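File shown: structure-v8.cif (mmCIF, C-alpha atoms (C1' of nucleotides)).
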```cif
data_structure
#
loop_
_atom_site.label_atom_id
_atom_site.label_comp_id
_atom_site.auth_asym_id
_atom_site.auth_seq_id
_atom_site.Cartn_x
_atom_site.Cartn_y
_atom_site.Cartn_z
CA MET A 1 151.92 111.73 -20.71
CA ASN A 2 153.83 108.88 -22.30
CA ASN A 3 154.51 107.08 -19.08
CA LYS A 4 151.92 104.33 -19.35
CA SER A 5 152.92 102.66 -16.12
CA LYS A 6 152.21 105.67 -13.98
CA PRO A 7 149.93 104.71 -11.08
CA THR A 8 146.96 106.85 -10.10
CA LEU A 9 145.89 108.40 -6.84
CA ILE A 10 142.17 109.07 -6.60
CA VAL A 11 141.49 111.85 -4.13
CA LEU A 12 137.96 111.81 -2.75
CA LEU A 13 137.32 115.05 -0.89
CA GLY A 14 134.48 117.21 0.40
CA PRO A 15 133.18 119.00 3.46
CA THR A 16 132.68 117.22 6.76
CA GLY A 17 129.53 115.12 6.88
CA VAL A 18 128.89 115.14 3.13
CA GLY A 19 129.08 111.34 2.87
CA LYS A 20 132.60 110.43 1.82
CA THR A 21 132.96 107.24 3.85
CA ASP A 22 130.35 105.01 2.19
CA LEU A 23 131.40 106.04 -1.26
CA SER A 24 135.08 105.49 -0.50
CA ILE A 25 134.34 101.89 0.47
CA HIS A 26 132.45 101.32 -2.78
CA ILE A 27 135.18 102.87 -4.92
CA ALA A 28 137.94 100.97 -3.14
CA ASN A 29 136.06 97.68 -3.50
CA HIS A 30 135.29 98.36 -7.13
CA PHE A 31 138.98 98.81 -7.95
CA ARG A 32 140.11 96.27 -5.33
CA THR A 33 142.42 98.74 -3.69
CA GLU A 34 143.15 100.32 -0.30
CA ILE A 35 142.29 103.62 1.38
CA ILE A 36 144.53 106.35 2.70
CA SER A 37 142.71 108.59 5.12
CA CYS A 38 143.50 112.26 4.81
CA ASP A 39 142.07 113.56 8.03
CA SER A 40 144.24 115.55 10.40
CA ARG A 41 142.17 114.54 13.42
CA GLN A 42 141.20 110.93 12.75
CA LEU A 43 144.93 110.29 12.83
CA PHE A 44 144.82 110.27 16.60
CA LYS A 45 143.69 107.15 18.37
CA GLU A 46 142.54 109.03 21.47
CA MET A 47 139.98 111.00 19.48
CA GLN A 48 137.42 108.67 18.03
CA ILE A 49 133.83 109.70 18.60
CA GLY A 50 134.37 113.43 18.15
CA THR A 51 136.23 113.01 14.88
CA ALA A 52 133.58 110.69 13.42
CA VAL A 53 135.90 107.76 12.79
CA PRO A 54 133.88 105.17 10.84
CA GLU A 55 132.82 102.16 12.85
CA GLU A 56 134.94 99.05 13.00
CA LYS A 57 132.77 96.95 10.67
CA ILE A 58 133.06 99.58 7.95
CA LEU A 59 136.81 99.98 8.34
CA ARG A 60 137.23 96.22 8.14
CA GLN A 61 135.77 96.08 4.63
CA VAL A 62 138.82 97.75 3.09
CA PRO A 63 142.37 98.18 4.42
CA HIS A 64 142.69 101.73 5.80
CA HIS A 65 145.85 103.67 6.51
CA PHE A 66 146.46 106.72 8.71
CA ILE A 67 143.34 106.27 10.80
CA GLN A 68 143.96 106.08 14.55
CA SER A 69 147.62 105.55 13.76
CA ASN A 70 149.10 108.24 15.99
CA SER A 71 148.84 109.50 19.52
CA ILE A 72 148.00 113.01 20.67
CA PHE A 73 151.02 112.75 22.95
CA GLY A 74 153.45 112.53 20.08
CA SER A 75 154.32 115.37 17.76
CA TYR A 76 153.09 115.39 14.23
CA ASN A 77 152.62 117.86 11.39
CA VAL A 78 151.81 118.10 7.69
CA ALA A 79 155.36 117.63 6.55
CA MET A 80 155.55 114.32 8.39
CA PHE A 81 152.24 113.38 6.85
CA GLU A 82 153.63 114.08 3.39
CA ALA A 83 156.60 111.83 4.01
CA ASP A 84 154.52 109.07 5.58
CA VAL A 85 151.93 109.04 2.82
CA LEU A 86 154.50 109.08 0.02
CA ASP A 87 156.20 106.19 1.72
CA LYS A 88 152.96 104.27 2.03
CA LEU A 89 152.00 105.05 -1.55
CA LYS A 90 155.26 103.61 -2.77
CA SER A 91 154.45 100.24 -1.27
CA LEU A 92 150.78 100.37 -2.22
CA PHE A 93 151.50 101.26 -5.84
CA ALA A 94 153.75 98.23 -6.02
CA ILE A 95 150.62 96.08 -5.81
CA HIS A 96 147.80 98.43 -6.89
CA PRO A 97 147.76 100.59 -10.03
CA LEU A 98 145.20 102.77 -8.30
CA VAL A 99 144.94 103.93 -4.70
CA LEU A 100 142.18 105.93 -3.06
CA MET A 101 142.83 108.78 -0.66
CA THR A 102 139.83 110.23 1.12
CA GLY A 103 139.35 113.00 3.65
CA GLY A 104 138.65 116.64 4.11
CA SER A 105 141.81 118.16 5.59
CA MET A 106 142.56 120.73 2.93
CA LEU A 107 146.20 121.43 3.62
CA TYR A 108 146.94 117.74 4.07
CA ILE A 109 145.41 116.96 0.67
CA ASP A 110 147.42 119.70 -0.99
CA VAL A 111 150.61 118.56 0.63
CA VAL A 112 150.19 115.01 -0.69
CA CYS A 113 149.41 116.34 -4.16
CA LYS A 114 151.88 119.21 -4.39
CA GLY A 115 154.35 118.87 -1.53
CA ILE A 116 155.60 121.43 0.91
CA ASP A 117 158.85 123.33 1.29
CA ASP A 118 161.72 121.59 2.95
CA LEU A 119 162.03 123.32 6.29
CA PRO A 120 163.20 122.12 9.68
CA ASP A 121 160.65 120.80 12.16
CA VAL A 122 159.87 123.39 14.76
CA ASP A 123 161.36 122.93 18.15
CA SER A 124 158.57 122.92 20.71
CA GLU A 125 160.56 124.93 23.23
CA LEU A 126 161.19 127.71 20.73
CA ARG A 127 157.51 127.77 19.87
CA ALA A 128 156.52 127.97 23.52
CA THR A 129 158.93 130.85 24.05
CA LEU A 130 157.64 132.79 21.07
CA MET A 131 154.03 132.18 22.03
CA GLU A 132 154.75 133.43 25.51
CA ARG A 133 156.41 136.53 24.11
CA MET A 134 153.47 137.12 21.78
CA LYS A 135 151.25 137.06 24.82
CA MET A 136 153.43 139.23 27.03
CA GLU A 137 154.94 141.72 24.57
CA GLY A 138 152.09 141.97 22.13
CA ILE A 139 151.81 141.47 18.40
CA GLU A 140 153.37 144.83 17.45
CA ARG A 141 156.69 143.90 19.03
CA MET A 142 156.73 140.57 17.22
CA ARG A 143 155.85 142.23 13.94
CA ALA A 144 158.72 144.65 14.40
CA GLU A 145 161.04 141.74 15.01
CA LEU A 146 159.86 140.01 11.85
CA LYS A 147 160.35 143.22 9.90
CA LEU A 148 163.99 143.20 10.97
CA LEU A 149 164.65 139.52 10.34
CA ASP A 150 162.62 139.10 7.15
CA PRO A 151 161.40 142.36 5.57
CA VAL A 152 160.25 140.51 2.44
CA TYR A 153 157.88 138.20 4.28
CA TYR A 154 156.81 141.07 6.51
CA HIS A 155 155.21 142.68 3.47
CA GLU A 156 153.50 139.47 2.35
CA VAL A 157 152.20 138.07 5.58
CA ASP A 158 148.84 138.69 7.22
CA LEU A 159 150.14 140.92 10.01
CA GLN A 160 147.03 140.34 12.09
CA ASN A 161 147.61 136.61 12.27
CA PRO A 162 149.88 135.73 15.20
CA VAL A 163 150.34 132.14 14.01
CA ARG A 164 151.88 133.26 10.73
CA ILE A 165 154.21 135.71 12.43
CA ILE A 166 155.37 133.18 14.99
CA HIS A 167 156.07 130.52 12.40
CA ALA A 168 158.11 132.88 10.26
CA LEU A 169 160.15 133.90 13.29
CA GLU A 170 160.67 130.25 14.20
CA ILE A 171 162.16 129.49 10.81
CA CYS A 172 164.32 132.60 10.88
CA TYR A 173 165.75 131.58 14.25
CA LEU A 174 166.13 127.89 13.42
CA THR A 175 167.91 128.42 10.12
CA GLY A 176 169.53 131.80 10.63
CA LYS A 177 168.08 132.84 7.26
CA PRO A 178 164.94 134.75 6.33
CA PHE A 179 161.86 132.55 6.05
CA SER A 180 160.98 134.09 2.69
CA SER A 181 164.30 133.00 1.16
CA GLN A 182 163.37 129.38 1.87
CA ARG A 183 159.86 129.46 0.54
CA THR A 184 159.75 128.10 -2.98
CA ARG A 185 155.98 127.73 -3.10
CA THR A 186 156.28 125.56 -6.18
CA ALA A 187 154.51 122.26 -6.61
CA LYS A 188 156.68 119.18 -6.41
CA GLN A 189 156.48 116.65 -9.22
CA ARG A 190 154.76 113.39 -8.32
CA ASN A 191 155.42 110.11 -10.04
CA PHE A 192 151.73 109.26 -10.02
CA ASP A 193 148.63 110.75 -11.64
CA ILE A 194 146.00 112.43 -9.51
CA ILE A 195 142.25 112.57 -10.04
CA LYS A 196 140.41 114.78 -7.61
CA ILE A 197 136.75 114.06 -6.96
CA GLY A 198 134.81 116.54 -4.86
CA LEU A 199 131.55 115.73 -3.12
CA ASN A 200 128.99 118.37 -2.26
CA ARG A 201 125.28 118.56 -1.65
CA ASP A 202 122.54 121.06 -0.94
CA ARG A 203 123.62 123.34 1.90
CA THR A 204 120.61 122.82 4.19
CA GLU A 205 120.86 119.08 3.65
CA LEU A 206 124.55 119.16 4.56
CA TYR A 207 123.77 121.15 7.71
CA ASP A 208 121.02 118.70 8.70
CA ARG A 209 123.48 115.84 8.37
CA ILE A 210 126.12 117.66 10.39
CA ASN A 211 123.66 118.56 13.15
CA SER A 212 122.27 115.07 13.52
CA ARG A 213 125.74 113.59 13.44
CA VAL A 214 126.63 115.72 16.47
CA ASP A 215 123.53 114.45 18.29
CA GLU A 216 124.61 110.93 17.39
CA MET A 217 128.09 111.57 18.79
CA MET A 218 126.52 112.66 22.06
CA THR A 219 124.48 109.47 22.35
CA THR A 220 127.56 107.41 21.48
CA GLY A 221 129.51 108.91 24.35
CA LEU A 222 131.32 112.02 23.16
CA GLU A 223 130.98 113.64 26.57
CA LYS A 224 132.74 110.74 28.23
CA GLU A 225 135.49 110.73 25.62
CA ALA A 226 136.01 114.47 26.05
CA ARG A 227 136.01 114.05 29.82
CA SER A 228 138.85 111.54 29.55
CA LEU A 229 140.88 113.96 27.43
CA TYR A 230 140.10 117.00 29.57
CA PRO A 231 143.38 116.77 31.53
CA TYR A 232 145.31 117.21 28.28
CA ARG A 233 143.22 120.05 26.95
CA GLU A 234 146.29 122.25 26.44
CA LEU A 235 147.58 119.92 23.72
CA ASN A 236 147.34 121.44 20.30
CA THR A 237 145.49 118.49 18.83
CA LEU A 238 142.71 118.87 21.34
CA ASN A 239 141.96 122.34 20.08
CA THR A 240 139.36 120.63 17.92
CA VAL A 241 135.67 121.12 17.25
CA GLY A 242 133.68 118.75 19.45
CA TYR A 243 136.17 118.78 22.28
CA ARG A 244 136.96 122.38 23.04
CA GLU A 245 133.25 123.26 23.35
CA LEU A 246 132.78 120.46 25.87
CA PHE A 247 135.90 121.56 27.76
CA ASP A 248 134.20 124.93 28.03
CA TYR A 249 131.18 123.22 29.53
CA PHE A 250 133.38 121.27 31.97
CA ASP A 251 134.88 124.60 33.01
CA GLY A 252 131.41 125.83 33.86
CA ASN A 253 131.37 128.51 31.17
CA CYS A 254 128.20 127.26 29.52
CA SER A 255 125.46 124.64 29.77
CA LEU A 256 125.70 121.27 28.07
CA GLY A 257 122.95 122.32 25.65
CA GLU A 258 124.89 125.45 24.70
CA ALA A 259 128.05 123.43 24.18
CA ILE A 260 126.24 121.04 21.83
CA GLU A 261 124.78 123.93 19.82
CA LYS A 262 128.26 125.41 19.62
CA ILE A 263 129.70 122.11 18.33
CA LYS A 264 127.07 122.07 15.61
CA ALA A 265 127.68 125.69 14.64
CA ASN A 266 131.44 125.25 14.56
CA SER A 267 131.14 122.07 12.50
CA ARG A 268 128.99 123.93 9.97
CA LYS A 269 131.54 126.74 9.94
CA TYR A 270 134.31 124.23 9.30
CA ALA A 271 132.36 122.74 6.40
CA ARG A 272 132.06 126.23 4.89
CA LYS A 273 135.77 126.83 5.33
CA GLN A 274 136.54 123.57 3.56
CA LEU A 275 134.29 124.54 0.64
CA THR A 276 136.02 127.93 0.40
CA TRP A 277 139.35 126.17 0.04
CA PHE A 278 138.15 123.51 -2.41
CA ARG A 279 136.27 126.03 -4.56
CA LYS A 280 139.47 127.58 -5.86
CA ASP A 281 140.97 124.26 -6.94
CA PRO A 282 140.24 123.91 -10.68
CA ASP A 283 141.30 120.26 -10.75
CA ILE A 284 138.35 119.02 -8.73
CA HIS A 285 135.55 117.18 -10.52
CA TRP A 286 132.39 117.84 -8.54
CA PHE A 287 129.62 115.30 -7.86
CA HIS A 288 126.69 114.63 -5.57
CA PRO A 289 127.46 111.66 -3.27
CA ASP A 290 124.69 109.67 -4.98
CA GLN A 291 126.45 109.84 -8.36
CA GLU A 292 128.51 106.72 -7.75
CA ALA A 293 128.08 105.39 -11.29
CA GLU A 294 129.25 108.67 -12.84
CA ILE A 295 132.24 108.81 -10.53
CA LEU A 296 133.31 105.24 -11.34
CA LYS A 297 132.92 106.05 -15.03
CA LEU A 298 135.09 109.14 -14.72
CA ILE A 299 137.88 107.13 -13.12
CA THR A 300 137.60 104.26 -15.59
CA ASP A 301 137.56 106.60 -18.60
CA TYR A 302 140.57 108.43 -17.26
CA LYS A 303 142.55 105.22 -16.88
CA LEU A 304 141.68 104.15 -20.44
CA GLN A 305 142.65 107.52 -21.85
CA ILE A 306 146.07 107.30 -20.24
CA LYS A 307 146.74 103.86 -21.65
CA ASP A 308 146.22 105.11 -25.26
"C1'" G B 1 85.11 139.07 29.59
"C1'" G B 2 88.24 143.51 31.86
"C1'" U B 3 92.94 145.97 32.44
"C1'" G B 4 98.06 146.44 31.47
"C1'" C B 5 102.48 145.32 28.71
"C1'" C B 6 104.75 143.67 24.16
"C1'" A B 7 105.12 143.09 18.51
"C1'" U B 8 111.93 145.74 14.86
"C1'" A B 9 117.13 140.85 10.91
"C1'" G B 10 116.69 133.56 10.85
"C1'" C B 11 116.91 133.94 16.80
"C1'" U B 12 117.42 137.09 21.41
"C1'" C B 13 116.89 142.08 21.80
"C1'" A B 14 118.52 147.59 21.51
"C1'" G B 15 117.01 152.19 19.08
"C1'" U B 16 114.86 156.26 16.43
"C1'" U B 17 112.68 163.67 21.37
"C1'" G B 18 108.94 161.97 13.74
"C1'" G B 19 113.77 162.33 8.56
"C1'" U B 20 112.88 154.24 6.55
"C1'" A B 21 117.42 151.34 11.81
"C1'" G B 22 121.93 148.30 14.89
"C1'" A B 23 124.26 144.75 18.61
"C1'" G B 24 125.22 139.54 19.96
"C1'" C B 25 124.42 134.73 18.04
"C1'" A B 26 123.19 132.33 13.46
"C1'" A B 27 124.08 132.98 8.11
"C1'" C B 28 127.30 134.40 3.96
"C1'" G B 29 132.18 135.40 1.60
"C1'" G B 30 137.59 135.44 1.66
"C1'" A B 31 143.04 134.46 3.13
"C1'" C B 32 146.05 130.53 4.49
"C1'" U B 33 153.16 125.81 2.83
"C1'" G B 34 155.05 122.61 9.67
"C1'" A B 35 149.17 124.80 15.18
"C1'" A B 36 145.29 123.54 9.42
"C1'" A B 37 138.77 120.57 12.67
"C1'" A B 38 144.22 125.51 13.81
"C1'" U B 39 144.81 130.81 12.93
"C1'" C B 40 143.27 135.40 10.63
"C1'" C B 41 140.12 138.99 7.72
"C1'" G B 42 135.53 140.89 5.62
"C1'" U B 43 129.76 141.35 4.78
"C1'" G B 44 123.55 143.46 7.54
"C1'" U B 45 120.73 139.83 4.78
"C1'" G B 46 114.75 144.22 7.26
"C1'" U B 47 106.96 145.31 4.37
"C1'" C B 48 110.36 148.04 11.94
"C1'" C B 49 102.62 143.07 12.80
"C1'" C B 50 98.15 145.04 9.81
"C1'" U B 51 94.74 149.20 9.05
"C1'" A B 52 93.08 154.18 9.02
"C1'" G B 53 94.47 159.04 10.63
"C1'" U B 54 97.66 163.52 12.09
"C1'" U B 55 102.06 165.33 9.32
"C1'" C B 56 105.95 167.90 4.01
"C1'" G B 57 107.38 163.10 6.03
"C1'" A B 58 105.17 157.62 10.55
"C1'" U B 59 108.92 152.04 12.20
"C1'" U B 60 108.33 156.06 16.04
"C1'" C B 61 102.40 159.84 17.74
"C1'" U B 62 96.77 158.70 17.61
"C1'" U B 63 92.31 155.24 16.23
"C1'" G B 64 90.74 150.40 15.22
"C1'" G B 65 92.31 145.33 14.41
"C1'" U B 66 95.36 140.76 14.91
"C1'" G B 67 98.76 137.79 17.72
"C1'" G B 68 101.53 136.88 22.32
"C1'" C B 69 102.39 137.49 27.62
"C1'" A B 70 100.88 139.03 32.59
"C1'" C B 71 97.38 140.29 36.16
"C1'" C B 72 92.12 140.76 37.60
"C1'" A B 73 87.54 138.36 37.07
#
```
Written as structure tokens, how would this file's structure read?
Amino acid sequence: MNNKSKPTLIVLLGPTGVGKTDLSIHIANHFRTEIISCDSRQLFKEMQIGTAVPEEKILRQVPHHFIQSNSIFGSYNVAMFEADVLDKLKSLFAIHPLVLMTGGSMLYIDVVCKGIDDLPDVDSELRATLMERMKMEGIERMRAELKLLDPVYYHEVDLQNPVRIIHALEICYLTGKPFSSQRTRTAKQRNFDIIKIGLNRDRTELYDRINSRVDEMMTTGLEKEARSLYPYRELNTLNTVGYRELFDYFDGNCSLGEAIEKIKANSRKYARKQLTWFRKDPDIHWFHPDQEAEILKLITDYKLQIKD
RNA sequence: GGUGCCAUAGCUCAGUUGGUAGAGCAACGGACUGAAAAUCCGUGUGUCCCUAGUUCGAUUCUUGGUGGCACCA
């Protein structure tokens, strides 16, 4: 660690609804820096209420990047996010020794920190074809095909998970080589330091916050927002908690009350899934959202230690 | 007040011809490098309302309570 000029990326993460937003503003102001949002759904400008995008007056306090920056009608994926963020970081680090990234999209965080294998972007027609075949021919046929094209990956993959099987087949077809031969699964080197700060709080308290946030979304107009996106419900991005449950209600499959309960339950489930992922990351320093002073101290101490 | 029905998991309920019980939802855990708020996998967490009795053995049958619901007054 002799590179004293290395900039630092602070990663503020935690489950949905834990209270990342307020703290991120404080941290960014304290270090006079900017915020990169790491949220795979707040990226899309059409989805605002249901993804809990912070209100305008909060966003205005600190420059934010990658919030409402894309459209659900375009195509986007983690690999593009990696490239876009690295690009943005390059220009931000030119003026700030420290940049804050905040969000809860687990894979997106990992990709910024560790990178992802260099593979071709998937052609949407090929994906549609394979999905159709999965539906018509069944998962056994697709498994058998994967076994032929990539026996190595066949033995590693979760054979019950159609998404994994389809993606492997896509890469085999697109590159003409087995998917497994192109997976390095090694972390890329970054030319910046990373400090990961995880926020968590008492489970029942977290659930209370999630539940009341859903009620708040409903009073702010989530139903209307979902109604306006209903025609595009087949889009991948709209397969999102808060929207798909309402689409179900629009279809007449359940009452509005049931849909709202389902949104709450699925949001809680998502929070649990996030915690499962974060739990196995040994680099995360865990705090309660109220421990702002301790968090600022951790960052400051870390910066001093590097300068020595 | 009388009669009838009900009481089993956090919730809604099933079940045991007497051998301490299981579904859905909720909850909990895990996998996951281009769909990731996606996708996939796993786990029953219980004074079977209380009491006394019959019985080798009661959550199940009987007595008496308690609570709830319905009907009749």
- Could you list, as a PyMOL selection string, every residue of chain A that has an atom within 6 Å of an atom of chain B, counting only C-alpha atoms (C1' of nucleotides)? chain A and resi 77-79+116+161+163+240-241
- Please check which residues have atoms at most 10 Å from (146.8, 100.1, 7.4) in the file's coordinates, counting only C-alpha atoms (C1' of nucleotides), and write them as a list of chain:residue names.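 Selection result: A:Glu34, A:Ile35, A:Ile36, A:Ser37, A:Val62, A:Pro63, A:His64, A:His65, A:Phe66, A:Ile67, A:Gln68, A:Ser69, A:Lys88.
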- List the residues matched by the PyMOL selection byres ((chain B and resi 8-11) around 6) in the displayed structure as a VMD selection string, ordered by chain and then by residue number. chain B and resid 12 46 48
- Task: List every protein, DNA or RNA residue that has an atom no more than 7 Å from (147.0, 114.8, 3.6) in the file's coordinate frame, counting only C-alpha atoms (C1' of nucleotides), and report them as a ChimeraX atom specification.
- Result: /A:38-39,81-82,105,107-112
- Message: Under the rule that all atoms listed in the file are counted, which of A:Val99, A:Ile25, A:Met106, A:Ile165 is the nearest residue to Gly198 of chain A?
- Response: A:Met106
- Message: If we count all atoms listed in the file and set the cut-off at 12 Å, which residues sit around Ala144 of chain A, ignoring sequence neighbours fewer than 2 positions away in its own chain? Please answer as a PyMOL selection string.
- Response: chain A and resi 134+137-142+146-151+154-155+159+165-166+169
- Write out as number ranges by chain each polymer residue whose atoms come within 10 Å of segment 248-261 of chain A, counting all atoms listed in the file; drop sequence neighbours fewer than 3 positions from it. A: 211, 214-215, 218, 223, 226-227, 230, 242-245, 264-267
- Task: Could you state which residues are captured by the PyMOL selection byres ((chain B and resi 18) around 12) in this file, as a list in words?
- Result: U16, U17, G19, U20, U54, U55, C56, G57, A58, U59, U60 and C61 of chain B
- Query: Do you know which residues the PyMOL selection byres ((chain A and resi 206) around 10) returns on this file, as a PyMOL selection string?
  - Reply: chain A and resi 15-19+200-205+207-211+268+271
- Gap from atom CA of Tyr270 of chain A to atom CA of Arg41 of chain A - Å, one decimal: 13.1 Å
- Would you please work out which residue, of A:Trp286, A:Arg127, A:Pro120, A:Gln160, is nearest to Gly176 of chain A when using only C-alpha atoms?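 Of all the options, A:Pro120 lies closest to Gly176 of chain A.
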- Do you have the atom CA of Asp158 of chain A-atom C1' of G44 of chain B distance handy?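 So the two atoms, atom CA of Asp158 of chain A and atom C1' of G44 of chain B, lie 25.7 Å apart.
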- Task: Name all residues at most 12 Å from G67 of chain B (count all atoms listed in the file; drop same-chain ones fewer than 4 positions away) and give them as a ChimeraX atom specification.
- Result: /B:6-7,49-50
- Message: So the first atom is atom C1' of G22 of chain B and the second is atom C1' of U43 of chain B; what is the distance between them in Å, to one decimal place?
- Response: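 According to the coordinates, atom C1' of G22 of chain B and atom C1' of U43 of chain B are separated by 14.6 Å.
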- For each of B:G2, B:U51, B:A14, B:U45, take the minimum atom-to-atom distance to U63 of chain B, counting only C-alpha atoms (C1' of nucleotides), then give the residue where this is smallest. B:U51
- Message: as a ChimeraX atom specification, please: the residues near Phe73 of chain A (cut-off 10 Å, all atoms listed in the file, same-chain neighbours under 3 positions excluded).
- Response: /A:44,46,70,76,232,235-237
3 Å per side around segment 36-52 of chain B: axis-aligned box centre and edge lengths, as JSON:
```
{"center_x": 119.2, "center_y": 137.4, "center_z": 9.1, "size_x": 58.2, "size_y": 39.6, "size_z": 15.4}
```
